[in-house]
>>> print(open('protein_27.pdb').read())   # PDB, N, CA and C atoms and all ligand atoms
MODEL        1
ATOM      1  N   MET C  71     -66.632 158.825 -10.058  1.00  0.00           N
ATOM      2  CA  MET C  71     -67.809 158.492  -9.254  1.00  0.00           C
ATOM      3  C   MET C  71     -68.844 159.594  -9.369  1.00  0.00           C
ATOM      4  N   ALA C  72     -70.099 159.200  -9.204  1.00  0.00           N
ATOM      5  CA  ALA C  72     -71.186 160.162  -9.306  1.00  0.00           C
ATOM      6  C   ALA C  72     -72.199 159.912  -8.198  1.00  0.00           C
ATOM      7  N   ASN C  73     -72.986 160.940  -7.933  1.00  0.00           N
ATOM      8  CA  ASN C  73     -74.048 160.838  -6.938  1.00  0.00           C
ATOM      9  C   ASN C  73     -75.380 161.163  -7.570  1.00  0.00           C
ATOM     10  N   ALA C  74     -76.409 160.461  -7.136  1.00  0.00           N
ATOM     11  CA  ALA C  74     -77.746 160.785  -7.624  1.00  0.00           C
ATOM     12  C   ALA C  74     -78.731 160.575  -6.491  1.00  0.00           C
ATOM     13  N   ILE C  75     -79.795 161.356  -6.518  1.00  0.00           N
ATOM     14  CA  ILE C  75     -80.891 161.141  -5.569  1.00  0.00           C
ATOM     15  C   ILE C  75     -82.121 160.739  -6.373  1.00  0.00           C
ATOM     16  N   LEU C  76     -82.570 159.524  -6.124  1.00  0.00           N
ATOM     17  CA  LEU C  76     -83.763 159.013  -6.808  1.00  0.00           C
ATOM     18  C   LEU C  76     -84.966 159.209  -5.903  1.00  0.00           C
ATOM     19  N   LYS C  77     -85.989 159.875  -6.420  1.00  0.00           N
ATOM     20  CA  LYS C  77     -87.234 159.987  -5.660  1.00  0.00           C
ATOM     21  C   LYS C  77     -88.058 158.741  -5.947  1.00  0.00           C
ATOM     22  N   ILE C  78     -88.474 158.077  -4.879  1.00  0.00           N
ATOM     23  CA  ILE C  78     -89.145 156.792  -5.051  1.00  0.00           C
ATOM     24  C   ILE C  78     -90.549 156.824  -4.464  1.00  0.00           C
ATOM     25  N   LYS C  79     -91.489 156.358  -5.281  1.00  0.00           N
ATOM     26  CA  LYS C  79     -92.889 156.311  -4.878  1.00  0.00           C
ATOM     27  C   LYS C  79     -93.239 154.883  -4.455  1.00  0.00           C
ATOM     28  N   GLY C  80     -93.978 154.751  -3.381  1.00  0.00           N
ATOM     29  CA  GLY C  80     -94.502 153.450  -3.006  1.00  0.00           C
ATOM     30  C   GLY C  80     -93.878 152.815  -1.777  1.00  0.00           C
ATOM     31  N   MET C  81     -92.891 153.499  -1.162  1.00  0.00           N
ATOM     32  CA  MET C  81     -92.291 152.919   0.049  1.00  0.00           C
ATOM     33  C   MET C  81     -93.196 153.159   1.247  1.00  0.00           C
ATOM     34  N   SER C  82     -93.419 152.119   2.052  1.00  0.00           N
ATOM     35  CA  SER C  82     -94.283 152.310   3.210  1.00  0.00           C
ATOM     36  C   SER C  82     -93.695 151.813   4.514  1.00  0.00           C
ATOM     37  N   CYS C  83     -92.635 151.027   4.457  1.00  0.00           N
ATOM     38  CA  CYS C  83     -92.082 150.513   5.700  1.00  0.00           C
ATOM     39  C   CYS C  83     -90.600 150.165   5.525  1.00  0.00           C
ATOM     40  N   GLN C  84     -90.006 149.669   6.585  1.00  0.00           N
ATOM     41  CA  GLN C  84     -88.583 149.352   6.575  1.00  0.00           C
ATOM     42  C   GLN C  84     -88.253 148.225   5.596  1.00  0.00           C
ATOM     43  N   HIS C  85     -89.245 147.362   5.368  1.00  0.00           N
ATOM     44  CA  HIS C  85     -89.039 146.284   4.401  1.00  0.00           C
ATOM     45  C   HIS C  85     -88.783 146.860   3.006  1.00  0.00           C
ATOM     46  N   CYS C  86     -89.519 147.889   2.656  1.00  0.00           N
ATOM     47  CA  CYS C  86     -89.335 148.540   1.354  1.00  0.00           C
ATOM     48  C   CYS C  86     -87.926 149.110   1.244  1.00  0.00           C
ATOM     49  N   VAL C  87     -87.467 149.722   2.337  1.00  0.00           N
ATOM     50  CA  VAL C  87     -86.117 150.301   2.370  1.00  0.00           C
ATOM     51  C   VAL C  87     -85.074 149.215   2.094  1.00  0.00           C
ATOM     52  N   VAL C  88     -85.237 148.062   2.752  1.00  0.00           N
ATOM     53  CA  VAL C  88     -84.295 146.961   2.576  1.00  0.00           C
ATOM     54  C   VAL C  88     -84.328 146.436   1.138  1.00  0.00           C
ATOM     55  N   SER C  89     -85.547 146.259   0.597  1.00  0.00           N
ATOM     56  CA  SER C  89     -85.685 145.740  -0.774  1.00  0.00           C
ATOM     57  C   SER C  89     -85.018 146.658  -1.789  1.00  0.00           C
ATOM     58  N   ILE C  90     -85.240 147.948  -1.646  1.00  0.00           N
ATOM     59  CA  ILE C  90     -84.679 148.901  -2.610  1.00  0.00           C
ATOM     60  C   ILE C  90     -83.164 148.999  -2.453  1.00  0.00           C
ATOM     61  N   THR C  91     -82.711 148.992  -1.216  1.00  0.00           N
ATOM     62  CA  THR C  91     -81.265 149.031  -0.975  1.00  0.00           C
ATOM     63  C   THR C  91     -80.599 147.849  -1.649  1.00  0.00           C
ATOM     64  N   LYS C  92     -81.181 146.660  -1.470  1.00  0.00           N
ATOM     65  CA  LYS C  92     -80.598 145.449  -2.055  1.00  0.00           C
ATOM     66  C   LYS C  92     -80.643 145.502  -3.588  1.00  0.00           C
ATOM     67  N   ALA C  93     -81.776 145.915  -4.125  1.00  0.00           N
ATOM     68  CA  ALA C  93     -81.929 145.978  -5.594  1.00  0.00           C
ATOM     69  C   ALA C  93     -80.869 146.882  -6.205  1.00  0.00           C
ATOM     70  N   LEU C  94     -80.604 148.008  -5.550  1.00  0.00           N
ATOM     71  CA  LEU C  94     -79.615 148.947  -6.094  1.00  0.00           C
ATOM     72  C   LEU C  94     -78.195 148.453  -5.875  1.00  0.00           C
ATOM     73  N   LYS C  95     -77.934 147.903  -4.692  1.00  0.00           N
ATOM     74  CA  LYS C  95     -76.574 147.433  -4.397  1.00  0.00           C
ATOM     75  C   LYS C  95     -76.170 146.239  -5.249  1.00  0.00           C
ATOM     76  N   ASP C  96     -77.154 145.489  -5.724  1.00  0.00           N
ATOM     77  CA  ASP C  96     -76.860 144.336  -6.579  1.00  0.00           C
ATOM     78  C   ASP C  96     -76.346 144.755  -7.961  1.00  0.00           C
ATOM     79  N   LEU C  97     -76.554 146.020  -8.316  1.00  0.00           N
ATOM     80  CA  LEU C  97     -76.080 146.486  -9.623  1.00  0.00           C
ATOM     81  C   LEU C  97     -74.571 146.694  -9.581  1.00  0.00           C
ATOM     82  N   LYS C  98     -73.920 146.196 -10.617  1.00  0.00           N
ATOM     83  CA  LYS C  98     -72.477 146.406 -10.724  1.00  0.00           C
ATOM     84  C   LYS C  98     -72.195 147.894 -10.931  1.00  0.00           C
ATOM     85  N   GLY C  99     -71.330 148.447 -10.089  1.00  0.00           N
ATOM     86  CA  GLY C  99     -70.988 149.857 -10.223  1.00  0.00           C
ATOM     87  C   GLY C  99     -71.610 150.727  -9.145  1.00  0.00           C
ATOM     88  N   VAL C 100     -72.625 150.188  -8.440  1.00  0.00           N
ATOM     89  CA  VAL C 100     -73.225 150.937  -7.336  1.00  0.00           C
ATOM     90  C   VAL C 100     -72.391 150.689  -6.084  1.00  0.00           C
ATOM     91  N   LYS C 101     -71.862 151.774  -5.509  1.00  0.00           N
ATOM     92  CA  LYS C 101     -70.949 151.645  -4.370  1.00  0.00           C
ATOM     93  C   LYS C 101     -71.667 151.790  -3.038  1.00  0.00           C
ATOM     94  N   ASP C 102     -72.583 152.753  -2.984  1.00  0.00           N
ATOM     95  CA  ASP C 102     -73.226 153.018  -1.698  1.00  0.00           C
ATOM     96  C   ASP C 102     -74.664 153.471  -1.930  1.00  0.00           C
ATOM     97  N   VAL C 103     -75.549 153.014  -1.062  1.00  0.00           N
ATOM     98  CA  VAL C 103     -76.967 153.372  -1.185  1.00  0.00           C
ATOM     99  C   VAL C 103     -77.494 153.759   0.187  1.00  0.00           C
ATOM    100  N   LYS C 104     -78.156 154.910   0.251  1.00  0.00           N
ATOM    101  CA  LYS C 104     -78.836 155.293   1.494  1.00  0.00           C
ATOM    102  C   LYS C 104     -80.286 155.594   1.153  1.00  0.00           C
ATOM    103  N   VAL C 105     -81.163 154.699   1.584  1.00  0.00           N
ATOM    104  CA  VAL C 105     -82.585 154.884   1.308  1.00  0.00           C
ATOM    105  C   VAL C 105     -83.241 155.508   2.534  1.00  0.00           C
ATOM    106  N   SER C 106     -84.010 156.573   2.314  1.00  0.00           N
ATOM    107  CA  SER C 106     -84.737 157.225   3.401  1.00  0.00           C
ATOM    108  C   SER C 106     -86.241 157.064   3.202  1.00  0.00           C
ATOM    109  N   LEU C 107     -86.856 156.405   4.159  1.00  0.00           N
ATOM    110  CA  LEU C 107     -88.307 156.224   4.117  1.00  0.00           C
ATOM    111  C   LEU C 107     -89.007 157.573   4.329  1.00  0.00           C
ATOM    112  N   GLU C 108     -88.467 158.392   5.255  1.00  0.00           N
ATOM    113  CA  GLU C 108     -89.059 159.687   5.574  1.00  0.00           C
ATOM    114  C   GLU C 108     -89.061 160.610   4.350  1.00  0.00           C
ATOM    115  N   LYS C 109     -87.910 160.657   3.676  1.00  0.00           N
ATOM    116  CA  LYS C 109     -87.794 161.551   2.523  1.00  0.00           C
ATOM    117  C   LYS C 109     -88.338 160.913   1.247  1.00  0.00           C
ATOM    118  N   GLY C 110     -88.509 159.593   1.250  1.00  0.00           N
ATOM    119  CA  GLY C 110     -88.970 158.906   0.051  1.00  0.00           C
ATOM    120  C   GLY C 110     -87.960 158.966  -1.076  1.00  0.00           C
ATOM    121  N   ASN C 111     -86.677 158.826  -0.691  1.00  0.00           N
ATOM    122  CA  ASN C 111     -85.677 158.839  -1.744  1.00  0.00           C
ATOM    123  C   ASN C 111     -84.524 157.884  -1.463  1.00  0.00           C
ATOM    124  N   ALA C 112     -83.698 157.729  -2.466  1.00  0.00           N
ATOM    125  CA  ALA C 112     -82.498 156.909  -2.338  1.00  0.00           C
ATOM    126  C   ALA C 112     -81.318 157.721  -2.853  1.00  0.00           C
ATOM    127  N   GLU C 113     -80.309 157.835  -1.990  1.00  0.00           N
ATOM    128  CA  GLU C 113     -79.095 158.528  -2.374  1.00  0.00           C
ATOM    129  C   GLU C 113     -78.113 157.455  -2.825  1.00  0.00           C
ATOM    130  N   VAL C 114     -77.638 157.576  -4.044  1.00  0.00           N
ATOM    131  CA  VAL C 114     -76.782 156.531  -4.603  1.00  0.00           C
ATOM    132  C   VAL C 114     -75.428 157.113  -5.003  1.00  0.00           C
ATOM    133  N   ASN C 115     -74.388 156.424  -4.599  1.00  0.00           N
ATOM    134  CA  ASN C 115     -73.034 156.763  -5.019  1.00  0.00           C
ATOM    135  C   ASN C 115     -72.600 155.656  -5.972  1.00  0.00           C
ATOM    136  N   TYR C 116     -72.235 156.026  -7.197  1.00  0.00           N
ATOM    137  CA  TYR C 116     -72.010 154.993  -8.204  1.00  0.00           C
ATOM    138  C   TYR C 116     -70.925 155.397  -9.201  1.00  0.00           C
ATOM    139  N   ASP C 117     -70.438 154.408  -9.901  1.00  0.00           N
ATOM    140  CA  ASP C 117     -69.457 154.623 -10.957  1.00  0.00           C
ATOM    141  C   ASP C 117     -70.215 154.756 -12.276  1.00  0.00           C
ATOM    142  N   ASP C 118     -70.229 155.956 -12.827  1.00  0.00           N
ATOM    143  CA  ASP C 118     -71.058 156.181 -14.022  1.00  0.00           C
ATOM    144  C   ASP C 118     -70.489 155.542 -15.293  1.00  0.00           C
ATOM    145  N   LYS C 119     -69.338 154.908 -15.170  1.00  0.00           N
ATOM    146  CA  LYS C 119     -68.831 154.134 -16.308  1.00  0.00           C
ATOM    147  C   LYS C 119     -69.410 152.716 -16.303  1.00  0.00           C
ATOM    148  N   LEU C 120     -69.898 152.292 -15.154  1.00  0.00           N
ATOM    149  CA  LEU C 120     -70.382 150.912 -15.015  1.00  0.00           C
ATOM    150  C   LEU C 120     -71.901 150.791 -14.958  1.00  0.00           C
ATOM    151  N   VAL C 121     -72.551 151.845 -14.511  1.00  0.00           N
ATOM    152  CA  VAL C 121     -74.007 151.738 -14.329  1.00  0.00           C
ATOM    153  C   VAL C 121     -74.661 153.080 -14.666  1.00  0.00           C
ATOM    154  N   THR C 122     -75.865 153.008 -15.246  1.00  0.00           N
ATOM    155  CA  THR C 122     -76.573 154.239 -15.631  1.00  0.00           C
ATOM    156  C   THR C 122     -77.795 154.463 -14.743  1.00  0.00           C
ATOM    157  N   LEU C 123     -78.258 155.695 -14.756  1.00  0.00           N
ATOM    158  CA  LEU C 123     -79.466 156.028 -14.001  1.00  0.00           C
ATOM    159  C   LEU C 123     -80.648 155.187 -14.457  1.00  0.00           C
ATOM    160  N   SER C 124     -80.714 154.932 -15.767  1.00  0.00           N
ATOM    161  CA  SER C 124     -81.877 154.176 -16.241  1.00  0.00           C
ATOM    162  C   SER C 124     -81.815 152.718 -15.769  1.00  0.00           C
ATOM    163  N   GLN C 125     -80.611 152.172 -15.624  1.00  0.00           N
ATOM    164  CA  GLN C 125     -80.492 150.816 -15.047  1.00  0.00           C
ATOM    165  C   GLN C 125     -80.961 150.814 -13.593  1.00  0.00           C
ATOM    166  N   MET C 126     -80.635 151.897 -12.869  1.00  0.00           N
ATOM    167  CA  MET C 126     -81.070 151.985 -11.470  1.00  0.00           C
ATOM    168  C   MET C 126     -82.587 152.092 -11.389  1.00  0.00           C
ATOM    169  N   LYS C 127     -83.164 152.893 -12.285  1.00  0.00           N
ATOM    170  CA  LYS C 127     -84.630 153.027 -12.302  1.00  0.00           C
ATOM    171  C   LYS C 127     -85.293 151.683 -12.597  1.00  0.00           C
ATOM    172  N   ASP C 128     -84.700 150.939 -13.534  1.00  0.00           N
ATOM    173  CA  ASP C 128     -85.243 149.612 -13.854  1.00  0.00           C
ATOM    174  C   ASP C 128     -85.161 148.675 -12.652  1.00  0.00           C
ATOM    175  N   ALA C 129     -84.042 148.736 -11.928  1.00  0.00           N
ATOM    176  CA  ALA C 129     -83.868 147.858 -10.760  1.00  0.00           C
ATOM    177  C   ALA C 129     -84.903 148.178  -9.689  1.00  0.00           C
ATOM    178  N   VAL C 130     -85.157 149.472  -9.489  1.00  0.00           N
ATOM    179  CA  VAL C 130     -86.172 149.877  -8.508  1.00  0.00           C
ATOM    180  C   VAL C 130     -87.561 149.423  -8.969  1.00  0.00           C
ATOM    181  N   ALA C 131     -87.815 149.572 -10.269  1.00  0.00           N
ATOM    182  CA  ALA C 131     -89.102 149.141 -10.819  1.00  0.00           C
ATOM    183  C   ALA C 131     -89.287 147.637 -10.672  1.00  0.00           C
ATOM    184  N   ASP C 132     -88.209 146.876 -10.928  1.00  0.00           N
ATOM    185  CA  ASP C 132     -88.279 145.419 -10.777  1.00  0.00           C
ATOM    186  C   ASP C 132     -88.575 145.012  -9.348  1.00  0.00           C
ATOM    187  N   ALA C 133     -88.126 145.830  -8.391  1.00  0.00           N
ATOM    188  CA  ALA C 133     -88.395 145.536  -6.988  1.00  0.00           C
ATOM    189  C   ALA C 133     -89.823 145.920  -6.596  1.00  0.00           C
ATOM    190  N   GLY C 134     -90.527 146.615  -7.492  1.00  0.00           N
ATOM    191  CA  GLY C 134     -91.931 146.914  -7.258  1.00  0.00           C
ATOM    192  C   GLY C 134     -92.238 148.367  -6.900  1.00  0.00           C
ATOM    193  N   TYR C 135     -91.258 149.268  -7.139  1.00  0.00           N
ATOM    194  CA  TYR C 135     -91.462 150.676  -6.781  1.00  0.00           C
ATOM    195  C   TYR C 135     -91.216 151.532  -8.026  1.00  0.00           C
ATOM    196  N   THR C 136     -91.558 152.818  -7.906  1.00  0.00           N
ATOM    197  CA  THR C 136     -91.416 153.705  -9.062  1.00  0.00           C
ATOM    198  C   THR C 136     -90.492 154.875  -8.737  1.00  0.00           C
ATOM    199  N   VAL C 137     -89.550 155.124  -9.629  1.00  0.00           N
ATOM    200  CA  VAL C 137     -88.710 156.311  -9.518  1.00  0.00           C
ATOM    201  C   VAL C 137     -89.428 157.443 -10.227  1.00  0.00           C
ATOM    202  N   ILE C 138     -89.632 158.572  -9.537  1.00  0.00           N
ATOM    203  CA  ILE C 138     -90.444 159.642 -10.112  1.00  0.00           C
ATOM    204  C   ILE C 138     -89.615 160.851 -10.565  1.00  0.00           C
ATOM    205  N   ASN C 139     -88.314 160.741 -10.593  1.00  0.00           N
ATOM    206  CA  ASN C 139     -87.521 161.822 -11.206  1.00  0.00           C
ATOM    207  C   ASN C 139     -86.558 161.262 -12.238  1.00  0.00           C
TER     208      ASN C 139
HETATM  209 CU    CU C 201     -92.617 148.121   2.974  1.00  0.00          CU
ENDMDL
END
>>> encode(input="protein_27.pdb", output="structure tokens")
Amino acid sequence: MANAILKIKGMSCQHCVVSITKALKDLKGVKDVKVSLEKGNAEVNYDDKLVTLSQMKDAVADAGYTVIN
């Protein structure tokens, strides 16, 4: 298992938090997601054999936000 913190640009309300949480959790291999509106990031616990950081970035982008790290 691995942990990553994605810095996300464009979140403005709780709806954004829910959308990003769902987008990341829908990925196979993502175990846990904690999105913080205050910090503008998402803490992800994932299986690095099943999912990559770039897949997570794509999922966030598809939901309409940008990962900036
Ligand atoms: Cu929002």
>>> closest_residue(input="protein_27.pdb", among="C:Met126, C:Ala131, C:Ala72, C:Ile90", to="C:Ser106", atoms="only C-alpha atoms")
C:Ile90
>>> atom_distance(input="protein_27.pdb", atom1="atom CA of C:Asp118", atom2="atom CU of ligand CU 201 (chain C)")
28.6 Å
>>> residues_near_ligand(input="protein_27.pdb", ligand="ligand CU 201 (chain C)", cutoff="9 Å", atoms="only C-alpha atoms and all ligand atoms", output="ChimeraX atom specification")
/C:80-89
>>> residues_near_point(input="protein_27.pdb", point="(-77.5, 148.2, -9.0)", cutoff="7 Å", atoms="all atoms listed in the file", output="compact mmCIF listing (two decimals) with N, CA and C atoms, in the coordinates of the input")
# COMPACT_ATOMS: atom_id res chain seq x y z
N LYS C 92 -81.18 146.66 -1.47
CA LYS C 92 -80.60 145.45 -2.06
C LYS C 92 -80.64 145.50 -3.59
N ALA C 93 -81.78 145.92 -4.12
CA ALA C 93 -81.93 145.98 -5.59
C ALA C 93 -80.87 146.88 -6.20
N LEU C 94 -80.60 148.01 -5.55
CA LEU C 94 -79.61 148.95 -6.09
C LEU C 94 -78.19 148.45 -5.88
N LYS C 95 -77.93 147.90 -4.69
CA LYS C 95 -76.57 147.43 -4.40
C LYS C 95 -76.17 146.24 -5.25
N ASP C 96 -77.15 145.49 -5.72
CA ASP C 96 -76.86 144.34 -6.58
C ASP C 96 -76.35 144.76 -7.96
N LEU C 97 -76.55 146.02 -8.32
CA LEU C 97 -76.08 146.49 -9.62
C LEU C 97 -74.57 146.69 -9.58
N LYS C 98 -73.92 146.20 -10.62
CA LYS C 98 -72.48 146.41 -10.72
C LYS C 98 -72.19 147.89 -10.93
N GLY C 99 -71.33 148.45 -10.09
CA GLY C 99 -70.99 149.86 -10.22
C GLY C 99 -71.61 150.73 -9.14
N VAL C 100 -72.62 150.19 -8.44
CA VAL C 100 -73.22 150.94 -7.34
C VAL C 100 -72.39 150.69 -6.08
N GLN C 125 -80.61 152.17 -15.62
CA GLN C 125 -80.49 150.82 -15.05
C GLN C 125 -80.96 150.81 -13.59
N MET C 126 -80.64 151.90 -12.87
CA MET C 126 -81.07 151.99 -11.47
C MET C 126 -82.59 152.09 -11.39
N ALA C 129 -84.04 148.74 -11.93
CA ALA C 129 -83.87 147.86 -10.76
C ALA C 129 -84.90 148.18 -9.69
>>> closest_residue(input="protein_27.pdb", among="C:Thr91, C:Met71, C:Lys77, C:Asp128", to="C:Tyr116", atoms="only N, CA and C atoms")
C:Met71
>>> atom_distance(input="protein_27.pdb", atom1="atom N of C:Leu107", atom2="atom C of C:Leu120")
24.9 Å
>>> atom_distance(input="protein_27.pdb", atom1="atom CA of C:Asp117", atom2="atom CA of C:Lys79")
24.3 Å
>>> select_by_dssp(input="protein_27.pdb", residues="chain C", states="alpha helix (DSSP H)", output="list in words")
Gln84, His85, Cys86, Val87, Val88, Ser89, Ile90, Thr91, Lys92, Ala93, Leu94, Lys95, Leu123, Ser124, Gln125, Met126, Lys127, Asp128, Ala129, Val130, Ala131 and Asp132 of chain C
>>> residues_around(input="protein_27.pdb", residues="C:Glu113", least_positions_apart="2", cutoff="6 Å", atoms="all atoms listed in the file", output="list in words")
Ala74, Ile75, Leu76, Asp102, Val103, Lys104, Val105, Ser106, Asn111 and Asn115 of chain C
>>> closest_residue(input="protein_27.pdb", among="C:Val121, C:Glu108, C:Ile78, C:Lys101", to="C:Tyr135", atoms="only N, CA and C atoms")
C:Ile78
